[in-house]
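Q: What follows is start30.cif, made up of mmCIF, C-alpha atoms:
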```
data_model
loop_
_atom_site.label_atom_id
_atom_site.label_comp_id
_atom_site.auth_asym_id
_atom_site.auth_seq_id
_atom_site.Cartn_x
_atom_site.Cartn_y
_atom_site.Cartn_z
CA MET A 1 0.00 0.00 0.00
CA THR A 2 1.46 3.36 -0.97
CA GLN A 3 1.91 6.26 1.45
CA ARG A 4 -0.64 8.23 -0.57
CA LYS A 5 -3.24 5.49 -0.17
CA VAL A 6 -2.50 5.22 3.55
CA ARG A 7 -2.99 8.99 3.92
CA GLY A 8 -6.27 8.71 2.04
CA VAL A 9 -7.49 5.96 4.32
CA SER A 10 -6.33 7.78 7.45
CA SER A 11 -8.23 10.85 6.30
CA ARG A 12 -11.37 8.78 5.81
CA ILE A 13 -10.99 7.18 9.23
CA SER A 14 -10.56 10.63 10.80
CA ARG A 15 -13.80 11.77 9.17
CA VAL A 16 -15.60 8.73 10.54
CA ALA A 17 -14.12 9.42 13.98
CA ARG A 18 -15.30 13.03 13.94
CA SER A 19 -18.77 12.09 12.81
CA ASP A 20 -19.11 9.31 15.35
CA PRO A 21 -21.90 10.11 17.83
CA TRP A 22 -19.92 8.53 20.64
CA ALA A 23 -16.79 10.59 19.97
CA ALA A 24 -17.77 13.45 22.28
CA HIS A 25 -18.06 11.05 25.19
CA GLY A 26 -14.82 9.17 24.55
CA PRO A 27 -14.29 5.90 22.77
CA THR A 28 -16.71 3.09 23.45
CA ARG A 29 -16.37 -0.48 22.34
CA SER A 30 -19.01 -0.11 19.65
CA ALA A 31 -17.35 3.03 18.29
CA ARG A 32 -13.99 1.34 18.15
CA PHE A 33 -15.48 -1.69 16.46
CA ARG A 34 -17.17 0.49 13.88
CA LEU A 35 -13.89 2.19 13.10
CA ALA A 36 -12.12 -1.13 12.93
CA ALA A 37 -14.68 -2.39 10.47
CA GLU A 38 -14.31 0.77 8.41
CA ALA A 39 -10.53 0.40 8.39
CA GLY A 40 -10.82 -3.22 7.38
CA LEU A 41 -13.16 -2.48 4.52
CA LEU A 42 -11.00 0.34 3.23
CA SER A 43 -7.82 -1.67 3.47
CA GLN A 44 -9.46 -4.53 1.58
CA ARG A 45 -10.54 -2.18 -1.14
CA LEU A 46 -7.08 -0.74 -1.51
CA ASP A 47 -4.81 -3.63 -0.76
CA ASP A 48 -5.21 -7.28 0.05
CA ASP A 49 -2.35 -7.29 2.52
CA VAL A 50 -3.21 -8.00 6.12
CA LEU A 51 -0.21 -5.97 7.25
CA GLY A 52 -1.90 -2.95 5.71
CA ALA A 53 -4.94 -3.60 7.85
CA VAL A 54 -2.77 -3.91 10.96
CA ALA A 55 -1.12 -0.56 10.23
CA LEU A 56 -4.47 1.08 9.60
CA THR A 57 -5.99 -0.29 12.76
CA SER A 58 -3.00 0.88 14.79
CA GLY A 59 -3.38 4.31 13.23
CA MET A 60 -7.05 4.29 14.07
CA VAL A 61 -6.31 3.60 17.73
CA LYS A 62 -3.82 6.48 17.81
CA LEU A 63 -6.61 8.79 16.69
CA TRP A 64 -8.15 8.35 20.09
CA GLY A 65 -5.00 9.62 21.80
CA LYS A 66 -4.36 8.63 25.38
CA SER A 67 -7.89 7.51 25.92
CA ALA A 68 -7.49 4.75 23.35
CA ARG A 69 -6.37 1.57 25.01
CA TRP A 70 -4.99 -0.96 22.59
CA ASP A 71 -5.06 -3.50 25.42
CA ASP A 72 -8.84 -3.20 25.46
CA LEU A 73 -9.01 -4.47 21.92
CA ARG A 74 -6.53 -7.22 22.64
CA SER A 75 -8.46 -8.35 25.69
CA ASP A 76 -11.59 -8.82 23.56
CA ARG A 77 -10.39 -12.29 22.72
CA PRO A 78 -13.04 -14.98 22.64
CA ALA A 79 -13.24 -17.14 25.73
CA GLN A 80 -13.79 -20.18 23.55
CA GLN A 81 -10.97 -21.50 21.38
CA ALA A 82 -11.56 -22.05 17.70
CA ASP A 83 -11.51 -25.62 16.41
CA TYR A 84 -11.94 -25.40 12.67
CA PHE A 85 -11.78 -29.15 12.01
CA ARG A 86 -14.40 -30.00 14.59
CA TYR A 87 -16.68 -27.24 13.32
CA VAL A 88 -16.39 -28.44 9.71
CA ASP A 89 -17.17 -32.03 10.69
CA THR A 90 -20.14 -31.05 12.87
CA ARG A 91 -21.65 -28.72 10.28
CA LEU A 92 -21.40 -31.20 7.42
CA ARG A 93 -23.07 -33.94 9.48
CA ARG A 94 -26.14 -31.75 9.85
CA PHE A 95 -26.78 -32.20 6.14
CA GLU A 96 -26.19 -35.97 6.10
CA PRO A 97 -29.61 -37.62 5.56
CA ASP A 98 -30.85 -39.81 8.42
CA SER A 99 -27.72 -39.30 10.54
CA GLY A 100 -29.33 -36.98 13.08
CA GLY A 101 -25.94 -35.25 13.22
CA SER A 102 -24.37 -38.31 14.90
CA SER A 103 -20.59 -38.54 14.64
CA ARG A 104 -20.91 -42.34 14.30
CA VAL A 105 -22.49 -42.06 10.87
CA PRO A 106 -19.83 -41.51 8.20
CA LEU A 107 -20.13 -38.60 5.79
CA THR A 108 -21.01 -39.55 2.23
CA GLY A 109 -20.89 -38.14 -1.29
CA ALA A 110 -20.24 -34.44 -1.79
CA ARG A 111 -20.12 -33.80 1.96
CA ARG A 112 -17.32 -36.35 2.49
CA LEU A 113 -15.26 -34.93 -0.36
CA LEU A 114 -15.87 -31.34 0.73
CA LYS A 115 -14.62 -32.24 4.20
CA GLY A 116 -11.46 -33.69 2.66
CA VAL A 117 -10.74 -30.46 0.79
CA LEU A 118 -11.64 -28.25 3.75
CA ASP A 119 -9.37 -30.26 6.04
CA SER A 120 -6.50 -29.93 3.56
CA VAL A 121 -6.61 -26.12 3.43
CA GLY A 122 -7.48 -25.13 7.00
CA ARG A 123 -5.73 -24.88 10.35
CA ILE A 124 -7.25 -25.25 13.80
CA SER A 125 -7.38 -21.44 14.10
CA THR A 126 -8.86 -20.83 10.63
CA VAL A 127 -11.96 -18.63 10.78
CA TYR A 128 -15.01 -20.82 10.20
CA PRO A 129 -16.75 -20.80 6.83
CA TYR A 130 -20.51 -20.78 6.33
CA ILE A 131 -21.36 -24.38 5.36
CA ALA A 132 -24.59 -25.60 3.77
CA ASP A 133 -26.07 -27.94 1.19
CA ASP A 134 -26.82 -26.40 -2.20
CA GLY A 135 -30.28 -27.96 -2.45
CA PHE A 136 -29.25 -30.12 -5.43
CA GLY A 137 -27.16 -32.83 -3.72
CA GLY A 138 -23.99 -30.80 -3.40
CA ALA A 139 -22.44 -28.91 -0.50
CA PHE A 140 -20.42 -25.73 -0.17
CA ALA A 141 -18.37 -23.60 2.20
CA GLU A 142 -18.03 -19.82 2.04
CA TRP A 143 -15.83 -17.28 3.79
CA LYS A 144 -16.70 -13.61 3.55
CA ALA A 145 -15.14 -10.57 5.14
CA GLY A 146 -15.87 -7.13 3.79
CA ALA A 147 -15.31 -7.08 0.04
CA GLN A 148 -13.65 -10.48 -0.19
CA ARG A 149 -15.55 -13.72 -0.70
CA ILE A 150 -14.12 -17.24 -0.98
CA GLU A 151 -16.33 -20.10 -2.16
CA LEU A 152 -15.45 -23.80 -2.15
CA ALA A 153 -18.06 -26.24 -3.46
CA VAL A 154 -18.58 -29.87 -4.44
CA ASP A 155 -21.62 -30.64 -6.59
CA ASP A 156 -23.76 -33.77 -6.79
CA LYS A 157 -21.50 -35.14 -9.55
CA LEU A 158 -18.54 -34.70 -7.18
CA ALA A 159 -16.96 -31.97 -9.28
CA ALA A 160 -15.39 -29.24 -7.16
CA HIS A 161 -14.52 -25.61 -7.65
CA VAL A 162 -13.00 -22.73 -5.75
CA SER A 163 -13.97 -19.15 -6.56
CA VAL A 164 -12.48 -16.02 -5.03
CA SER A 165 -13.90 -12.55 -5.62
CA HIS A 166 -13.29 -9.01 -4.48
CA SER A 167 -16.12 -6.46 -4.63
CA GLY A 168 -17.93 -8.82 -7.00
CA ASP A 169 -14.98 -9.21 -9.41
CA THR A 170 -13.80 -12.79 -9.75
CA THR A 171 -10.06 -12.91 -9.07
CA TRP A 172 -9.49 -16.67 -9.06
CA PHE A 173 -11.54 -19.60 -10.34
CA LEU A 174 -10.46 -23.24 -10.39
CA GLU A 175 -12.29 -26.49 -11.13
CA PHE A 176 -10.91 -29.79 -9.88
CA ASP A 177 -11.85 -33.39 -9.20
CA ALA A 178 -12.94 -33.53 -5.57
CA ALA A 179 -12.02 -37.23 -5.28
CA GLU A 180 -8.43 -36.47 -6.28
CA GLY A 181 -8.27 -33.36 -4.13
CA MET A 182 -6.99 -29.91 -4.97
CA PRO A 183 -3.61 -29.74 -6.74
CA PHE A 184 -0.77 -28.97 -4.31
CA GLU A 185 0.09 -25.48 -5.55
CA ASP A 186 -3.55 -24.40 -5.60
CA ARG A 187 -4.02 -25.86 -2.13
CA GLN A 188 -1.11 -23.76 -0.88
CA ARG A 189 -2.59 -20.69 -2.54
CA LEU A 190 -5.99 -21.21 -0.92
CA ARG A 191 -4.37 -21.95 2.45
CA GLN A 192 -2.48 -18.65 2.28
CA LEU A 193 -5.66 -16.80 1.36
CA LEU A 194 -7.45 -18.34 4.33
CA ASP A 195 -4.54 -17.47 6.63
CA LYS A 196 -4.82 -13.82 5.56
CA HIS A 197 -8.59 -13.90 5.84
CA SER A 198 -8.40 -15.41 9.34
CA ALA A 199 -5.77 -12.90 10.52
CA LEU A 200 -7.86 -9.98 9.29
CA VAL A 201 -11.13 -11.23 10.79
CA SER A 202 -9.48 -12.11 14.12
CA LEU A 203 -7.90 -8.65 14.28
CA LEU A 204 -11.01 -6.68 13.45
CA ASN A 205 -13.51 -8.83 15.29
CA PRO A 206 -12.00 -10.91 18.09
CA HIS A 207 -15.55 -12.13 18.80
CA TRP A 208 -15.97 -13.72 15.37
CA LEU A 209 -16.67 -17.13 16.94
CA ARG A 210 -20.02 -15.80 18.16
CA VAL A 211 -21.16 -15.39 14.57
CA PHE A 212 -21.05 -19.16 14.16
CA VAL A 213 -22.72 -20.21 17.41
CA GLY A 214 -25.91 -22.17 16.93
CA MET B 1 -34.78 -27.47 -25.49
CA THR B 2 -35.76 -26.31 -28.96
CA GLY B 3 -35.62 -23.10 -30.96
CA GLU B 4 -33.53 -20.01 -30.51
CA TRP B 5 -32.07 -19.36 -27.06
CA HIS B 6 -33.30 -16.01 -25.70
CA TRP B 7 -31.01 -14.71 -22.98
CA ASP B 8 -31.36 -10.90 -23.00
CA ASP B 9 -34.17 -8.52 -23.90
CA GLU B 10 -32.70 -5.13 -24.82
CA SER B 11 -36.04 -3.42 -24.26
CA ILE B 12 -35.67 -4.09 -20.52
CA PRO B 13 -34.00 -1.01 -19.00
CA SER B 14 -30.72 -1.62 -17.18
CA THR B 15 -32.00 0.51 -14.29
CA ASP B 16 -34.95 -1.79 -13.61
CA VAL B 17 -34.87 -3.62 -10.28
CA LEU B 18 -35.05 -7.40 -10.08
CA TYR B 19 -36.35 -9.26 -7.03
CA ARG B 20 -35.23 -12.79 -6.24
CA HIS B 21 -37.14 -14.93 -3.75
CA VAL B 22 -34.60 -17.24 -2.14
CA PRO B 23 -34.46 -19.73 0.75
CA ARG B 24 -33.35 -18.08 3.96
CA LYS B 25 -29.72 -19.20 3.76
CA THR B 26 -27.92 -15.98 4.46
CA ARG B 27 -24.58 -15.46 6.08
CA LEU B 28 -23.41 -12.84 8.60
CA ASP B 29 -20.20 -11.06 7.66
CA PRO B 30 -17.93 -11.31 10.74
CA ILE B 31 -16.40 -7.89 10.02
CA THR B 32 -19.24 -5.69 8.80
CA GLY B 33 -22.07 -7.40 10.65
CA GLU B 34 -24.13 -7.36 7.46
CA TRP B 35 -26.17 -10.25 6.12
CA SER B 36 -25.51 -11.41 2.59
CA LEU B 37 -26.58 -14.10 0.17
CA THR B 38 -24.67 -17.34 -0.34
CA LEU B 39 -24.05 -19.74 -3.21
CA ALA B 40 -27.39 -21.41 -2.37
CA ALA B 41 -29.22 -18.36 -3.77
CA PHE B 42 -27.69 -18.75 -7.24
CA THR B 43 -26.95 -22.41 -7.95
CA ALA B 44 -25.45 -23.74 -11.18
CA ASP B 45 -28.15 -26.42 -11.34
CA GLU B 46 -30.98 -23.87 -11.41
CA MET B 47 -29.16 -21.73 -13.97
CA ARG B 48 -28.73 -24.76 -16.24
CA GLU B 49 -32.38 -25.78 -15.86
CA ASP B 50 -33.83 -22.58 -17.30
CA GLY B 51 -32.17 -19.59 -15.63
CA TRP B 52 -32.47 -17.86 -12.27
CA SER B 53 -36.05 -16.92 -11.51
CA ILE B 54 -36.76 -13.23 -10.72
CA TYR B 55 -39.63 -10.73 -10.56
CA ARG B 56 -39.10 -7.45 -12.43
CA GLU B 57 -40.18 -4.20 -10.80
CA GLY B 58 -41.30 -2.58 -14.08
CA LEU B 59 -43.77 -5.42 -14.66
CA MET B 60 -44.82 -5.52 -11.01
CA ARG B 61 -45.76 -1.84 -11.15
CA ARG B 62 -47.72 -2.38 -14.36
CA HIS B 63 -49.73 -5.19 -12.74
CA GLY B 64 -50.18 -3.49 -9.37
CA LEU B 65 -47.95 -5.96 -7.53
CA THR B 66 -45.69 -5.25 -4.54
CA ILE B 67 -42.85 -6.95 -2.69
CA SER B 68 -45.35 -8.28 -0.16
CA ASP B 69 -46.96 -10.28 -2.99
CA ILE B 70 -43.61 -12.01 -3.53
CA GLU B 71 -43.13 -12.57 0.20
CA ALA B 72 -46.57 -14.15 0.46
CA SER B 73 -45.95 -16.54 -2.43
CA GLY B 74 -43.73 -19.13 -0.69
CA SER B 75 -44.36 -21.55 2.13
CA ALA B 76 -40.81 -22.30 3.34
CA PRO B 77 -38.83 -19.51 5.05
CA ARG B 78 -37.68 -17.29 2.22
CA GLU B 79 -36.45 -13.74 1.72
CA VAL B 80 -36.68 -11.22 -1.11
CA TRP B 81 -33.38 -9.74 -2.32
CA ALA B 82 -33.00 -6.98 -4.90
CA PHE B 83 -30.42 -6.08 -7.54
CA GLU B 84 -30.46 -4.19 -10.86
CA VAL B 85 -30.58 -5.44 -14.44
CA ALA B 86 -27.26 -3.59 -14.93
CA ASP B 87 -25.64 -5.85 -12.30
CA VAL B 88 -26.47 -8.84 -14.51
CA ARG B 89 -25.46 -7.23 -17.80
CA CYS B 90 -22.10 -6.05 -16.50
CA VAL B 91 -20.98 -9.69 -16.67
CA HIS B 92 -20.30 -10.38 -20.35
CA GLY B 93 -22.88 -12.68 -21.95
CA CYS B 94 -25.48 -12.40 -19.18
CA GLY B 95 -28.93 -10.87 -19.46
CA VAL B 96 -32.58 -10.76 -18.40
CA ILE B 97 -35.77 -11.82 -20.18
CA ASP B 98 -39.45 -11.66 -19.22
CA GLN B 99 -41.18 -15.00 -18.96
CA GLU B 100 -44.67 -15.08 -17.50
CA ASP B 101 -45.26 -17.88 -15.00
CA ARG B 102 -48.90 -18.81 -15.57
CA SER B 103 -48.88 -21.26 -12.66
CA LYS B 104 -48.39 -18.35 -10.24
CA LEU B 105 -50.73 -15.64 -11.52
CA PRO B 106 -51.21 -12.80 -10.76
CA LEU B 107 -47.62 -12.56 -9.43
CA GLY B 108 -46.38 -14.71 -12.31
CA ALA B 109 -47.15 -11.85 -14.72
CA ALA B 110 -44.01 -10.10 -13.44
CA HIS B 111 -41.83 -13.20 -13.67
CA GLY B 112 -38.58 -13.26 -15.61
CA LEU B 113 -35.28 -15.07 -15.83
CA VAL B 114 -31.62 -14.19 -15.46
CA ARG B 115 -29.79 -16.11 -18.16
CA CYS B 116 -26.42 -16.58 -19.81
CA ASP B 117 -25.84 -16.60 -23.57
CA SER B 118 -25.74 -20.41 -23.55
CA PRO B 119 -28.32 -22.85 -22.10
CA ARG B 120 -25.38 -24.74 -20.51
CA PRO B 121 -23.05 -21.98 -19.27
CA THR B 122 -19.69 -22.95 -17.80
CA LYS B 123 -19.21 -23.07 -14.06
CA ARG B 124 -16.76 -20.21 -14.37
CA LYS B 125 -19.35 -17.99 -16.06
CA ILE B 126 -21.96 -18.90 -13.46
CA ALA B 127 -19.49 -18.17 -10.65
CA GLU B 128 -18.62 -14.77 -12.18
CA LEU B 129 -22.29 -13.80 -12.31
CA ARG B 130 -22.99 -15.19 -8.84
CA ASN B 131 -20.02 -13.30 -7.33
CA ARG B 132 -21.32 -10.08 -8.88
CA LEU B 133 -24.92 -10.54 -7.75
CA ILE B 134 -24.04 -11.61 -4.21
CA ASP B 135 -21.93 -8.45 -3.92
CA ARG B 136 -24.70 -6.20 -5.24
CA ALA B 137 -27.89 -7.80 -3.86
CA ARG B 138 -29.58 -6.08 -0.94
CA LEU B 139 -32.46 -7.28 1.23
CA ALA B 140 -35.62 -5.76 -0.26
#
```
Show me this structure written as structure tokens.

A:
Amino acid sequence: MTQRKVRGVSSRISRVARSDPWAAHGPTRSARFRLAAEAGLLSQRLDDDVLGAVALTSGMVKLWGKSARWDDLRSDRPAQQADYFRYVDTRLRRFEPDSGGSSRVPLTGARRLLKGVLDSVGRISTVYPYIADDGFGGAFAEWKAGAQRIELAVDDKLAAHVSVSHSGDTTWFLEFDAAEGMPFEDRQRLRQLLDKHSALVSLLNPHWLRVFVG
Amino acid sequence: MTGEWHWDDESIPSTDVLYRHVPRKTRLDPITGEWSLTLAAFTADEMREDGWSIYREGLMRRHGLTISDIEASGSAPREVWAFEVADVRCVHGCGVIDQEDRSKLPLGAAHGLVRCDSPRPTKRKIAELRNRLIDRARLA
């Protein structure tokens, strides 16, 4: 991200800060979160680099001067630890016919293959995707944060695809045989994208786990 | 499927609003806190059957129909999402046609389809259109 872009973003954040109804009474958690979200969205529009978002968020906190307590944001960590693999397994079982969500019933078809791909690209701390059936015998997982959207799907014919978009523009599309798994280099690419996605979401919303409860 | 494949009607203005009635499978963005549509709203299977079903505002106005008529038309939990004809056309080879659904009159009079220039579009083309519409669609 260039210095000019950073200045532009800082200026925008300052405007948001000044217009914030809570500003006159000092920073509140909701105000800080709103600014963090704004910074995240702007940084995603300008640059896909998580480090850019970190710099912007730090700058945002400085705007609040002495009253801004970075430790407050850091202490907003979720009490519950993320377990990506367990979440993926549990979610997919919900769509397995006649299993009642039981872990003793093995996953079948598109759900089994989707789990294989999801397991190969995630880490235990990976931010959870939205997982559902597509209504036609396939299953899919989606990550979304601000302007970026990542879609991974296996259809009823067990053909898989990954699609990545930014503000609606498709930036990466790949079809592959779900039974054979994703090619190594593409798997690495997706894993890196998910690492960035997870770092950004965890930074801007330490409570992200709550989104997936239930 | 017989005859010529109609996939875009140029007489439909690009500024017209399209309403899509989809199963309530929305996702909460963990950063913005906004709800948005998912792949389930725009599946490849439905596109390859006949196109994505929509209701066009210009026709709804002509027939005295409102969004509540769409909301009342389904039994399962569903939501109405809106986007513009221009959002479809900005993806090369994608368009909108009117196609009355006589099984759902009077609402069916405003029915149309989002289509691609081929009856069997590639997954890539479908994904491009889906990515665009998910980004642009707003809860009506």

Q: So, with all atoms listed in the file as the atoms that count, which of A:Ile124, A:Leu174, A:Ala82, A:Leu194 lies closest to Thr122 of chain B?

A: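 Using all atoms listed in the file, Thr122 of chain B sits closest to A:Leu174.
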
Q: Hey, what comes out of the PyMOL selection byres ((chain B) within 9 of (chain A)) on this file? Could you write it as a list of chain:residue names?

A: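 This file gives the following for the PyMOL selection byres ((chain B) within 9 of (chain A)): B:Lys25, B:Arg27, B:Leu28, B:Asp29, B:Pro30, B:Ile31, B:Thr32, B:Gly33, B:Thr38, B:Leu39, B:Ala40, B:Ala41, B:Thr43, B:Asp45, B:Glu46, B:Lys123, B:Arg124, B:Ala127, B:Glu128, B:Leu129, B:Arg130, B:Asn131, B:Arg132, B:Leu133, B:Ile134, B:Asp135, B:Arg136.
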
Q: Just give me the gap between atom CA of Val22 of chain B and atom CA of Phe83 of chain B in Å, one decimal is fine.

A: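 Spanning atom CA of Val22 of chain B to atom CA of Phe83 of chain B is a straight-line distance of 13.1 Å.
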
Q: With a distance cut-off of 6 Å and only C-alpha atoms, select the neighbouring residues of segment 50-57 of chain B, excluding the residue or stretch itself and same-chain residues fewer than 3 positions from it, and output the selection as a ChimeraX atom specification.

A: /B:17-20,47,60,110-115

Q: So that I can see what lies close to Arg86 of chain A, please list as JSON, numbers by chain the residues with an atom at most 12 Å from it, counting all atoms listed in the file and leaving out residues fewer than 3 positions away in the same chain.

A: {"A": [81, 82, 83, 89, 90, 91, 92, 93, 103, 115, 118, 119, 122, 123, 124, 125, 126, 128]}

Q: How far is it from atom CA of Gly93 of chain B to atom CA of Ala159 of chain A, in Å with one decimal?

A: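 Atom CA of Gly93 of chain B sits 23.8 Å away from atom CA of Ala159 of chain A.
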
Q: Apply the PyMOL selection byres ((chain B and resi 24) around 6) to the structure shown and report the selected residues as number ranges by chain.

A: B: 23, 25-26, 77-79

Q: Measuring atom to atom with only C-alpha atoms, identify which of A:Gly137, A:Val213, A:Arg191, A:Gly116 is nearest to Asp177 of chain A.

A: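 Using only C-alpha atoms, the shortest distance to Asp177 of chain A belongs to A:Gly116.
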
Q: Starting from the shown file, work through the PyMOL selection byres ((chain B and resi 81) around 7) and note down what comes out as a PyMOL selection string.

A: chain B and resi 19-21+79-80+82+137-140
